[in-house]
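Source file: my_file-v3.cif. Holds: mmCIF, C-alpha atoms.
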data_data
#
loop_
_atom_site.label_atom_id
_atom_site.label_comp_id
_atom_site.auth_asym_id
_atom_site.auth_seq_id
_atom_site.Cartn_x
_atom_site.Cartn_y
_atom_site.Cartn_z
CA MET A 1 110.15 68.18 115.32
CA ASN A 2 108.51 68.85 118.66
CA GLY A 3 104.91 69.34 117.54
CA LYS A 4 101.99 66.95 117.54
CA PRO A 5 103.06 63.43 116.54
CA ILE A 6 101.69 61.94 113.36
CA LEU A 7 102.13 58.39 114.69
CA ASP A 8 101.42 57.46 118.30
CA ILE A 9 102.00 53.88 119.47
CA GLN A 10 101.04 53.25 123.09
CA ASP A 11 101.60 50.02 125.06
CA VAL A 12 101.33 47.84 121.96
CA GLY A 13 101.90 44.10 122.18
CA MET A 14 101.50 41.28 119.69
CA THR A 15 100.85 37.65 120.62
CA PHE A 16 100.30 35.02 117.94
CA GLN A 17 98.34 31.85 118.57
CA THR A 18 100.35 28.85 117.38
CA ARG A 19 100.00 25.06 117.60
CA ARG A 20 102.46 25.15 120.50
CA GLY A 21 100.47 27.81 122.30
CA PRO A 22 100.68 31.62 122.51
CA PHE A 23 103.84 33.24 121.12
CA THR A 24 104.52 36.81 122.22
CA ALA A 25 106.44 38.60 119.49
CA LEU A 26 106.27 42.16 120.86
CA ARG A 27 105.52 43.73 124.23
CA ASP A 28 105.33 47.21 125.75
CA ILE A 29 105.95 49.18 122.54
CA HIS A 30 105.76 52.94 123.06
CA LEU A 31 106.81 55.12 120.12
CA THR A 32 105.81 58.43 118.57
CA MET A 33 106.91 59.93 115.26
CA GLN A 34 106.80 63.53 114.11
CA PRO A 35 105.73 64.60 110.58
CA GLY A 36 108.70 64.46 108.21
CA GLU A 37 110.75 62.25 110.52
CA PHE A 38 112.79 59.26 109.30
CA VAL A 39 112.92 56.40 111.82
CA ALA A 40 114.81 53.15 111.30
CA LEU A 41 113.96 49.94 113.17
CA ILE A 42 116.99 47.74 113.71
CA GLY A 43 117.72 44.52 115.59
CA HIS A 44 118.62 40.88 115.16
CA SER A 45 116.44 38.37 113.31
CA GLY A 46 113.32 37.55 115.28
CA CYS A 47 113.25 40.85 117.19
CA GLY A 48 109.88 41.88 115.78
CA LYS A 49 111.00 44.69 113.42
CA SER A 50 108.80 43.55 110.56
CA THR A 51 105.97 42.65 112.95
CA LEU A 52 105.93 46.22 114.23
CA LEU A 53 105.98 47.60 110.68
CA ASN A 54 103.14 45.27 109.69
CA LEU A 55 101.12 46.51 112.66
CA VAL A 56 101.54 50.11 111.52
CA ALA A 57 100.68 49.04 107.96
CA GLY A 58 97.48 47.46 109.27
CA LEU A 59 98.39 44.03 107.92
CA THR A 60 98.02 42.60 111.42
CA THR A 61 96.14 43.84 114.49
CA PRO A 62 97.84 44.24 117.88
CA THR A 63 96.59 42.07 120.71
CA GLN A 64 96.99 44.95 123.13
CA GLY A 65 97.54 48.70 123.10
CA VAL A 66 96.53 51.40 120.65
CA MET A 67 98.05 52.93 117.50
CA LEU A 68 96.99 56.32 116.17
CA LEU A 69 97.88 57.87 112.82
CA ALA A 70 96.96 61.56 112.60
CA ASP A 71 94.72 61.06 115.66
CA ARG A 72 92.79 58.20 114.08
CA GLU A 73 93.06 54.64 115.33
CA LEU A 74 94.70 52.31 112.84
CA LYS A 75 92.36 49.56 111.71
CA GLY A 76 93.48 47.61 108.67
CA PRO A 77 95.54 48.79 105.70
CA GLY A 78 94.77 52.04 103.92
CA PRO A 79 96.09 54.54 101.35
CA ASP A 80 97.31 56.79 104.17
CA ARG A 81 100.24 54.36 104.47
CA GLY A 82 102.38 53.47 101.48
CA VAL A 83 104.30 50.20 101.90
CA VAL A 84 107.49 49.11 100.12
CA PHE A 85 108.67 45.54 100.71
CA GLN A 86 112.01 43.87 99.97
CA ASN A 87 110.18 42.10 97.15
CA HIS A 88 108.98 44.89 94.84
CA SER A 89 105.50 43.26 94.53
CA LEU A 90 104.90 44.71 91.07
CA LEU A 91 102.28 43.05 88.88
CA PRO A 92 104.35 41.37 86.13
CA TRP A 93 101.77 41.81 83.37
CA LEU A 94 101.53 45.59 83.84
CA SER A 95 103.96 48.28 82.69
CA CYS A 96 105.77 50.52 85.15
CA HIS A 97 103.23 53.23 84.37
CA ASP A 98 100.25 50.94 84.94
CA ASN A 99 101.63 49.52 88.20
CA VAL A 100 101.80 53.04 89.61
CA HIS A 101 98.57 54.17 87.95
CA LEU A 102 96.69 51.32 89.63
CA ALA A 103 97.47 52.79 93.05
CA VAL A 104 96.75 56.34 91.92
CA GLU A 105 93.39 55.33 90.49
CA ARG A 106 92.44 53.54 93.70
CA VAL A 107 93.05 56.64 95.82
CA PHE A 108 92.06 59.49 93.50
CA GLY A 109 90.00 57.81 90.76
CA ASP A 110 86.58 58.88 92.00
CA LYS A 111 87.45 62.57 92.31
CA GLU A 112 89.99 63.42 89.60
CA SER A 113 90.09 63.36 85.81
CA THR A 114 91.90 60.77 83.72
CA ASP A 115 94.48 63.39 82.71
CA ARG A 116 95.15 64.30 86.33
CA LEU A 117 95.60 60.63 87.29
CA HIS A 118 98.14 60.26 84.46
CA GLN A 119 99.95 63.39 85.64
CA ARG A 120 100.20 62.00 89.17
CA THR A 121 101.53 58.72 87.84
CA MET A 122 104.17 60.38 85.68
CA ALA A 123 105.21 62.77 88.45
CA ALA A 124 105.84 59.84 90.79
CA LEU A 125 107.88 57.95 88.19
CA GLU A 126 109.91 61.06 87.36
CA LEU A 127 110.55 61.63 91.07
CA VAL A 128 112.30 58.26 91.34
CA GLY A 129 114.12 58.60 88.02
CA MET A 130 111.96 56.11 86.10
CA GLY A 131 110.24 58.43 83.64
CA HIS A 132 112.18 56.82 80.80
CA ALA A 133 110.78 53.35 81.50
CA VAL A 134 107.04 53.96 81.71
CA HIS A 135 106.18 51.32 79.11
CA LYS A 136 108.56 48.62 80.32
CA ARG A 137 107.31 45.64 82.30
CA PRO A 138 109.03 44.38 85.48
CA HIS A 139 110.94 41.57 83.71
CA GLU A 140 112.53 44.18 81.41
CA ILE A 141 114.15 46.26 84.18
CA SER A 142 116.73 45.65 86.90
CA GLY A 143 116.08 44.92 90.56
CA GLY A 144 117.00 48.45 91.55
CA MET A 145 114.62 49.89 88.96
CA LYS A 146 111.81 47.65 90.24
CA GLN A 147 112.31 49.05 93.73
CA ARG A 148 112.21 52.59 92.33
CA VAL A 149 108.84 51.81 90.76
CA GLY A 150 107.66 50.32 94.06
CA ILE A 151 108.64 53.52 95.86
CA ALA A 152 106.93 55.58 93.15
CA ARG A 153 103.74 53.56 93.58
CA ALA A 154 103.77 54.14 97.34
CA LEU A 155 104.49 57.87 97.06
CA ALA A 156 101.93 58.41 94.31
CA MET A 157 99.15 57.78 96.84
CA GLU A 158 100.39 60.78 98.86
CA PRO A 159 100.38 58.71 102.07
CA LYS A 160 100.79 60.18 105.53
CA MET A 161 103.57 57.64 106.09
CA LEU A 162 105.94 55.62 103.95
CA LEU A 163 106.67 52.18 105.43
CA MET A 164 109.69 50.27 104.10
CA ASP A 165 110.64 46.70 105.04
CA GLU A 166 114.32 46.21 104.11
CA PRO A 167 113.61 47.68 100.67
CA PHE A 168 117.22 47.40 99.50
CA GLY A 169 118.14 44.12 101.20
CA ALA A 170 118.14 42.02 98.02
CA LEU A 171 120.24 44.46 95.96
CA ASP A 172 123.97 44.52 95.31
CA ALA A 173 126.07 46.97 97.32
CA LEU A 174 126.46 49.62 94.61
CA THR A 175 122.78 49.63 93.66
CA ARG A 176 121.85 49.73 97.33
CA ALA A 177 124.08 52.77 97.93
CA LYS A 178 122.63 54.59 94.93
CA LEU A 179 119.06 53.96 96.06
CA GLN A 180 119.88 55.09 99.59
CA ASP A 181 121.10 58.37 98.13
CA GLU A 182 117.97 58.59 95.97
CA LEU A 183 115.76 57.91 98.97
CA MET A 184 117.40 60.77 100.89
CA ARG A 185 116.76 63.07 97.94
CA ILE A 186 113.13 61.94 97.60
CA VAL A 187 112.44 62.38 101.31
CA ALA A 188 114.00 65.86 101.22
CA THR A 189 111.85 66.76 98.20
CA THR A 190 108.55 65.37 99.48
CA GLY A 191 108.91 65.82 103.24
CA ALA A 192 107.77 62.21 103.66
CA THR A 193 107.46 60.58 107.09
CA VAL A 194 109.31 57.26 106.88
CA MET A 195 109.56 54.16 109.05
CA MET A 196 112.07 51.67 107.67
CA VAL A 197 113.13 48.21 108.83
CA THR A 198 116.80 47.49 108.23
CA HIS A 199 119.51 45.12 109.43
CA ASP A 200 122.27 47.39 108.11
CA VAL A 201 123.90 49.66 110.72
CA ASP A 202 125.43 52.05 108.17
CA GLU A 203 122.11 52.38 106.34
CA ALA A 204 120.32 53.20 109.58
CA VAL A 205 122.82 55.89 110.61
CA LEU A 206 123.05 57.44 107.13
CA LEU A 207 119.30 57.74 106.56
CA SER A 208 117.69 58.23 109.95
CA ASP A 209 116.74 60.98 112.33
CA ARG A 210 116.27 58.34 115.03
CA ILE A 211 117.21 54.66 115.27
CA VAL A 212 114.90 52.39 117.25
CA MET A 213 116.96 49.47 118.56
CA MET A 214 114.96 46.34 119.40
CA THR A 215 115.82 43.75 122.03
CA ASN A 216 115.99 40.10 121.04
CA GLY A 217 112.81 38.08 120.69
CA PRO A 218 110.60 36.51 121.75
CA ALA A 219 108.71 39.20 123.68
CA ALA A 220 110.92 41.85 122.09
CA THR A 221 110.58 45.51 122.95
CA ILE A 222 112.34 48.79 122.27
CA GLY A 223 115.71 48.68 124.01
CA GLU A 224 117.01 52.14 123.12
CA ILE A 225 116.26 54.99 120.77
CA LEU A 226 119.27 56.83 119.34
CA ARG A 227 118.84 60.34 117.95
CA VAL A 228 121.09 60.92 114.91
CA ASP A 229 121.96 64.61 114.88
CA LEU A 230 123.79 64.78 111.56
CA PRO A 231 123.16 67.73 109.23
CA ARG A 232 121.26 67.21 105.98
CA PRO A 233 121.83 66.77 103.13
CA ARG A 234 124.17 63.91 104.02
CA ASN A 235 127.06 62.82 101.83
CA ARG A 236 128.04 59.18 102.36
CA VAL A 237 131.71 59.80 101.52
CA GLU A 238 131.99 62.67 103.99
CA MET A 239 130.00 60.80 106.64
CA VAL A 240 132.48 57.93 106.78
CA GLU A 241 135.10 60.27 108.26
CA ASP A 242 132.70 62.32 110.40
CA ARG A 243 133.43 61.66 114.09
CA HIS A 244 129.76 61.98 115.03
CA TYR A 245 128.77 59.42 112.38
CA VAL A 246 131.45 57.06 113.67
CA GLN A 247 130.18 57.49 117.24
CA TYR A 248 126.55 56.83 116.29
CA ARG A 249 127.63 53.75 114.37
CA LYS A 250 129.62 52.55 117.38
CA GLU A 251 126.64 53.01 119.70
CA VAL A 252 124.37 50.89 117.49
CA ILE A 253 126.99 48.16 117.11
CA ASP A 254 127.60 48.17 120.85
CA PHE A 255 123.86 47.71 121.50
CA LEU A 256 123.46 44.91 118.95
CA TYR A 257 126.64 42.94 119.42
CA THR A 258 127.69 43.60 123.02
CA ARG A 259 124.62 44.28 125.15
CA HIS A 260 122.10 42.33 123.05
CA GLN A 261 124.18 39.70 121.35
CA HIS A 262 122.02 37.35 119.29
CA VAL A 263 122.12 33.63 120.04
CA GLU A 264 120.73 31.39 117.31
CA ARG A 265 118.12 28.98 118.66
CA THR A 266 118.20 25.40 117.46
CA ALA A 267 115.33 22.97 117.44
CA ALA A 268 115.28 20.46 120.28
#
Go ahead and render the structure in this file as structure tokens.
Amino acid sequence: MNGKPILDIQDVGMTFQTRRGPFTALRDIHLTMQPGEFVALIGHSGCGKSTLLNLVAGLTTPTQGVMLLADRELKGPGPDRGVVFQNHSLLPWLSCHDNVHLAVERVFGDKESTDRLHQRTMAALELVGMGHAVHKRPHEISGGMKQRVGIARALAMEPKMLLMDEPFGALDALTRAKLQDELMRIVATTGATVMMVTHDVDEAVLLSDRIVMMTNGPAATIGEILRVDLPRPRNRVEMVEDRHYVQYRKEVIDFLYTRHQHVERTAA
């Protein structure tokens, strides 16, 4: 992964205007990502992980610096970035099929046939193991299944990047583990470029090629970037006893809980 970066973030900062005056959330962010790379953003609450993801998603605009995706400056949201939030954000009155089809139609509707749009929709649902539930509505399926449909919707647009904001944070441990394994399989199958926000050290080490560790906010920045040189495919059971996995895990924990220990702020 030493070719031309697909994502190039240079000197990005984000300052919000509040009733108490300017609040600097992020400063001096420099980061590039290669096509097919999986990068996890990790840090304590308030370190700007989600703010950085939202900037890449185009949901907010940086107050300084520049962000390029495939050599084009990022301005607002677009179908070249698929976003998966912790809340699945599915439309409750639509079936699984129609939730995904809505995104497919938006991106490809003016240039492809109805049959082809349906094929894209079904392929995405099959990819995440939800082909059996195409006619079910969100209230009829589990939380894990809803997240699968959310991932299918994002992937169906064939985005240049998949952006995930703690997508498994609200799930129980077993469902979370299963979806982590599924995500590794999906990424291997599609070659997707992924940026994911997480607060889970094990999740970051298991899934990532690199872990971006953020300093504490306000005015947070990238403290360290850890390259995770573990062979793929990765087996979670084998990884637990792998000395390299244990060392990577130790390095992240040392950064978060020794060198950048989080102190909760209380109101005056």
Q.
Quick check on the file I pasted: which residues fall under the PyMOL selection byres ((chain A and resi 136) around 10)? Write them as a ChimeraX atom specification.
A. /A:94-98,132-135,137-141
Can I get the selected residues back with C-alpha atoms, as a CSV table (one decimal), in the coordinates of the input?
chain,number,residue,atom,x,y,z
A,94,LEU,CA,101.5,45.6,83.8
A,95,SER,CA,104.0,48.3,82.7
A,96,CYS,CA,105.8,50.5,85.2
A,97,HIS,CA,103.2,53.2,84.4
A,98,ASP,CA,100.2,50.9,84.9
A,132,HIS,CA,112.2,56.8,80.8
A,133,ALA,CA,110.8,53.4,81.5
A,134,VAL,CA,107.0,54.0,81.7
A,135,HIS,CA,106.2,51.3,79.1
A,137,ARG,CA,107.3,45.6,82.3
A,138,PRO,CA,109.0,44.4,85.5
A,139,HIS,CA,110.9,41.6,83.7
A,140,GLU,CA,112.5,44.2,81.4
A,141,ILE,CA,114.2,46.3,84.2
Note to self: When you count only C-alpha atoms, which of these residues is closest to A:Leu102: A:Gly150, A:Gly144, A:Pro233, A:Pro35?
What the structure shows: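 For A:Leu102, the nearest of the candidates is A:Gly150.
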message = Please enumerate the residues selected by the PyMOL selection byres ((chain A and resi 56-58) around 8) when evaluated against the supplied file, formatted as a PyMOL selection string.
response = chain A and resi 52-55+59-61+67+74-78+81+83+163
_Please determine, counting all atoms listed in the file, which residue among A:Gly223, A:Pro231, A:Pro5, A:Pro218 has the shortest atom-to-atom distance to A:Asp71._
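Between A:Gly223, A:Pro231, A:Pro5, A:Pro218, the residue approaching A:Asp71 most closely is A:Pro5.
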In terms of the shortest atom-to-atom distance over all atoms listed in the file, which of A:Arg185, A:Lys178, A:Gly3, A:Arg148 is closest to A:Val128?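 With all atoms listed in the file as the atom set, the closest residue is A:Arg148.
Taken over the shown file, the PyMOL selection byres ((chain A and resi 234) around 12) identifies Gln180, Asp181, Glu182, Leu183, Met184, Arg185, Ala188, Glu203, Val205, Leu206, Leu207, Ser208, Asp209, Val228, Asp229, Leu230, Pro231, Arg232, Pro233, Asn235, Arg236, Val237, Glu238, Met239, Val240, Asp242 and Tyr245 of chain A.
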Output C-alpha atoms for every residue in that selection, as a PDB file, keeping the file's coordinate frame.
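Result went into result_15.pdb, see below:
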ATOM      1  CA  GLN A 180     119.880  55.090  99.590  1.00  0.00           C
ATOM      2  CA  ASP A 181     121.100  58.370  98.130  1.00  0.00           C
ATOM      3  CA  GLU A 182     117.970  58.590  95.970  1.00  0.00           C
ATOM      4  CA  LEU A 183     115.760  57.910  98.970  1.00  0.00           C
ATOM      5  CA  MET A 184     117.400  60.770 100.890  1.00  0.00           C
ATOM      6  CA  ARG A 185     116.760  63.070  97.940  1.00  0.00           C
ATOM      7  CA  ALA A 188     114.000  65.860 101.220  1.00  0.00           C
ATOM      8  CA  GLU A 203     122.110  52.380 106.340  1.00  0.00           C
ATOM      9  CA  VAL A 205     122.820  55.890 110.610  1.00  0.00           C
ATOM     10  CA  LEU A 206     123.050  57.440 107.130  1.00  0.00           C
ATOM     11  CA  LEU A 207     119.300  57.740 106.560  1.00  0.00           C
ATOM     12  CA  SER A 208     117.690  58.230 109.950  1.00  0.00           C
ATOM     13  CA  ASP A 209     116.740  60.980 112.330  1.00  0.00           C
ATOM     14  CA  VAL A 228     121.090  60.920 114.910  1.00  0.00           C
ATOM     15  CA  ASP A 229     121.960  64.610 114.880  1.00  0.00           C
ATOM     16  CA  LEU A 230     123.790  64.780 111.560  1.00  0.00           C
ATOM     17  CA  PRO A 231     123.160  67.730 109.230  1.00  0.00           C
ATOM     18  CA  ARG A 232     121.260  67.210 105.980  1.00  0.00           C
ATOM     19  CA  PRO A 233     121.830  66.770 103.130  1.00  0.00           C
ATOM     20  CA  ASN A 235     127.060  62.820 101.830  1.00  0.00           C
ATOM     21  CA  ARG A 236     128.040  59.180 102.360  1.00  0.00           C
ATOM     22  CA  VAL A 237     131.710  59.800 101.520  1.00  0.00           C
ATOM     23  CA  GLU A 238     131.990  62.670 103.990  1.00  0.00           C
ATOM     24  CA  MET A 239     130.000  60.800 106.640  1.00  0.00           C
ATOM     25  CA  VAL A 240     132.480  57.930 106.780  1.00  0.00           C
ATOM     26  CA  ASP A 242     132.700  62.320 110.400  1.00  0.00           C
ATOM     27  CA  TYR A 245     128.770  59.420 112.380  1.00  0.00           C
TER      28      TYR A 245
END
Requested in this report: Find, counting only C-alpha atoms, the residue in A:Pro92, A:Gly217, A:Gly169, A:Pro62 that gets nearest to A:Gly46.
Outcome: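 The answer is A:Gly217, which sits nearest to A:Gly46.
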Residue with the minimum atom-to-atom distance to A:Val104, picked from A:Pro22, A:Gly13, A:Gly131, A:Pro79 with all atoms listed in the file counted, is A:Pro79
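Using all atoms listed in the file for every distance, the candidate list A:Met196, A:Arg116, A:Asn216, A:Arg249 yields A:Met196 as the residue closest to A:Ser50.
Non-sequential neighbours of A:Asp115 (distance at most 12 Å, separation of 6 or more positions within a chain, all atoms listed in the file) are His101, Val104, Glu105, Phe108, Gly109, Thr121 and Met122 of chain A.
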_Can you measure atom CA of A:Gly48 to atom CA of A:Ala192 for me? One decimal in Å is fine._
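Here the two named atoms are 23.8 Å from each other.
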One decimal place gives the atom CA of A:Leu162-atom CA of A:Val84 separation as 7.7 Å
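The coordinates place atom CA of A:Ala220 at 22.2 Å from atom CA of A:Gln86.
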